[in-house]
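The structure appears right after this line, and notes come after that.
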Amino acid sequence: MSIPVLLFASYADAFGTRRLIAPVGAPCDVASLVESLRALPGGSRLPAQPLVALNRKWAAADATIQAGDEVALIPPVAGG
Amino acid sequence: MADVSGSGASALRSAADDASTADDRATGVRHVAIVSDVIDITALLAQVADAGIGATSLFLGTVRDVNDGRAVTGIEYEAYETMAEDEMRAIAEEACLAVPGLLVAVVHRVGTLQVGEVSVAIAAAHARRAPAVDSARTIIEALKQRVPIWKQEHYMDGDRAWVDPIAVGGQRGVQR
């Protein structure tokens, strides 16, 4: 099952899109998803451990992504 | 036959809104929103008005004209809106749970803002001044650390750059 990933701000600029399909299938863990994204054009601009949200909640590197989860790659936040 | 017309749907939506409002009032969270228009400060203050309130602290974040020595003409704010609202609500709820009697309203604006415009407004109200002032500070600090909102500064020379607090501060959470 493919995993759509939402991208914002500097990460959307890096990948040149606001939404992409990760080259890895669900279920998988967050760390594996991030490594798969690193292999895509623009992926080398990701930091060592980018923040990820699953279903609008912060997710740890070992959290499991299930088919249908809302996955977002979160750049360093800078609100206020 | 179930009523799936506009009036039926709107009755359902209205019932859901009422439930949400009741929950929020139980914790003192009066209003949380991401908006794209000018923040109405008077309306925000009215959200936390109550006969038992003796002190209201209002925090406003505004766009300033210089950052790290570069002349700034404006800032574009972007949010992961659904998560940002959830996270702002969680922060407001935590503040209210920590301080019984606290009333909170939080609004963050997105889009392109000019120098001097308000990007974030927080109203924290309590019977006493110390909890009101302290809670406004607690909420803005948590918001800057946890809420998925980003800003791209527009500079006088035409350049643009996403603000990265980690790169600037050396580690996550360091204040600029």
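Please note that chains go A, B, ... in the order of the structure tokens, that every chain numbers its residues from 1, and that ligands are numbered from 1 in the order shown.
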
- Query: Excluding same-chain residues fewer than 2 positions from Pro27 (chain A), what lies within 10 Å of it counting only C-alpha atoms, as an MDAnalysis selection string?
  - Reply: chainID A and resid 1:3 24:25 29:30 33 64:69

So that I have them on file, write out the residues from the current selection with C-alpha atoms, as a JSON list (two decimals), in the first residue's frame.
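What ended up in again.json:
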```json
[["chain", "number", "residue", "atom", "x", "y", "z"],
["A", 1, "MET", "CA", 0.00, 0.00, 0.00],
["A", 2, "SER", "CA", 1.57, 3.30, -1.06],
["A", 3, "ILE", "CA", 2.08, 6.12, 1.45],
["A", 24, "VAL", "CA", 8.01, 2.37, 0.35],
["A", 25, "GLY", "CA", 4.84, 0.50, 1.28],
["A", 29, "ASP", "CA", 8.17, 2.50, 10.51],
["A", 30, "VAL", "CA", 8.80, 6.24, 10.40],
["A", 33, "LEU", "CA", 9.84, 6.13, 5.42],
["A", 64, "THR", "CA", 4.45, 2.23, 12.60],
["A", 65, "ILE", "CA", 2.72, 3.77, 9.61],
["A", 66, "GLN", "CA", -0.43, 1.91, 8.61],
["A", 67, "ALA", "CA", -2.22, 2.09, 5.29],
["A", 68, "GLY", "CA", -4.49, 5.14, 5.26],
["A", 69, "ASP", "CA", -2.57, 7.11, 7.91]]
```

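Contacts from chain B to chain A at a cut-off of 7 Å (only C-alpha atoms) map to Gly61, Glu78, Met83, Ser119, Val120, Leu143, Lys144, Gln145, Val147, Pro148, Ile149, Trp150, Lys151, Trp162, Val163, Asp164, Pro165 and Ile166 of chain B.
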
Give me the region 58-151 of chain B side of the contact with region 38-43 of chain B, cut-off 10 Å, one line per residue showing its nearest atom pair and distance in Å at one decimal, counting only C-alpha atoms, sorted by chain and residue number, as a Markdown table.
```
| residue | atom | partner | partner_atom | distance |
| --- | --- | --- | --- | --- |
| B:Leu58 | CA | B:Ile41 | CA | 9.0 |
| B:Leu60 | CA | B:Ile41 | CA | 9.1 |
| B:Ala105 | CA | B:Ala43 | CA | 9.9 |
| B:Val107 | CA | B:Ile39 | CA | 7.3 |
| B:His108 | CA | B:Ile39 | CA | 8.0 |
| B:Arg109 | CA | B:Ile39 | CA | 7.0 |
| B:Val110 | CA | B:Val38 | CA | 9.6 |
| B:Leu113 | CA | B:Val38 | CA | 9.2 |
| B:Glu117 | CA | B:Val38 | CA | 8.1 |
| B:Val118 | CA | B:Ile39 | CA | 7.0 |
| B:Ser119 | CA | B:Ile39 | CA | 7.9 |
| B:Val120 | CA | B:Ile39 | CA | 7.9 |
| B:Ala121 | CA | B:Ile41 | CA | 7.4 |
| B:Ile122 | CA | B:Ile41 | CA | 9.2 |
| B:Ala123 | CA | B:Ile41 | CA | 9.0 |
```

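Between CA of Gly116 (chain B) and CA of Val63 (chain B) the separation is 5.1 Å.
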
- Point-to-point distance from CA of Tyr11 (chain A) to CA of Arg137 (chain B), Å rounded to tenths: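 Separation of CA of Tyr11 (chain A) and CA of Arg137 (chain B): 29.6 Å.
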
- Message: Can you measure CA of Val32 (chain B) to CA of Ala92 (chain B) for me? One decimal in Å is fine.
- Response: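 We find that CA of Val32 (chain B) and CA of Ala92 (chain B) lie 8.2 Å from each other.
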
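Note that DSSP on the backbone gives helix (DSSP H, G or I) to these residues of chain A: Ala9, Ser10, Tyr11, Ala12, Asp13, Ala14, Phe15, Val30, Ala31, Ser32, Leu33, Val34, Glu35, Ser36, Leu37, Arg38, Gly43, Ser44 and Arg45 of chain A.
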
Include C-alpha atoms and write out the residues we just selected as a CSV table (one decimal), in the first residue's frame.
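This is the output file result-v7.csv:
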```
chain,number,residue,atom,x,y,z
A,9,ALA,CA,7.5,25.1,3.8
A,10,SER,CA,11.2,24.4,3.2
A,11,TYR,CA,10.6,20.6,2.6
A,12,ALA,CA,8.0,21.4,-0.1
A,13,ASP,CA,10.6,23.6,-1.7
A,14,ALA,CA,13.2,20.9,-1.4
A,15,PHE,CA,11.1,18.2,-3.1
A,30,VAL,CA,8.8,6.2,10.4
A,31,ALA,CA,12.6,5.8,10.1
A,32,SER,CA,12.2,3.6,7.0
A,33,LEU,CA,9.8,6.1,5.4
A,34,VAL,CA,12.3,8.9,6.0
A,35,GLU,CA,15.2,6.9,4.5
A,36,SER,CA,13.1,6.1,1.4
A,37,LEU,CA,12.4,9.9,1.0
A,38,ARG,CA,16.1,10.7,1.2
A,43,GLY,CA,15.8,14.3,-0.3
A,44,SER,CA,19.4,15.0,0.4
A,45,ARG,CA,18.3,18.4,1.9
```

- So which one's closest to Ile53 (chain B), B:Ile139, B:Ala95, B:Met88, B:Ala127? Using only C-alpha atoms, please.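 Closest candidate: B:Ala127.
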
- Message: Env of Pro4 (chain A): 8 Å cut, atoms = only C-alpha atoms, seq-sep filter 4 positions within chain, self excluded. Answer as a ChimeraX atom specification.
- Response: /A:19-22,70-71

Using the selection just defined, write its residues with C-alpha atoms as an mmCIF file, in the first residue's frame.
```cif
data_model
loop_
_atom_site.group_PDB
_atom_site.id
_atom_site.type_symbol
_atom_site.label_atom_id
_atom_site.label_comp_id
_atom_site.auth_asym_id
_atom_site.auth_seq_id
_atom_site.Cartn_x
_atom_site.Cartn_y
_atom_site.Cartn_z
ATOM 1 C CA ARG A 19 2.479 15.985 -1.664
ATOM 2 C CA LEU A 20 4.353 12.929 -2.884
ATOM 3 C CA ILE A 21 4.066 9.154 -2.790
ATOM 4 C CA ALA A 22 6.855 7.545 -0.734
ATOM 5 C CA GLU A 70 -2.115 10.816 7.268
ATOM 6 C CA VAL A 71 1.661 11.253 7.097
#
```
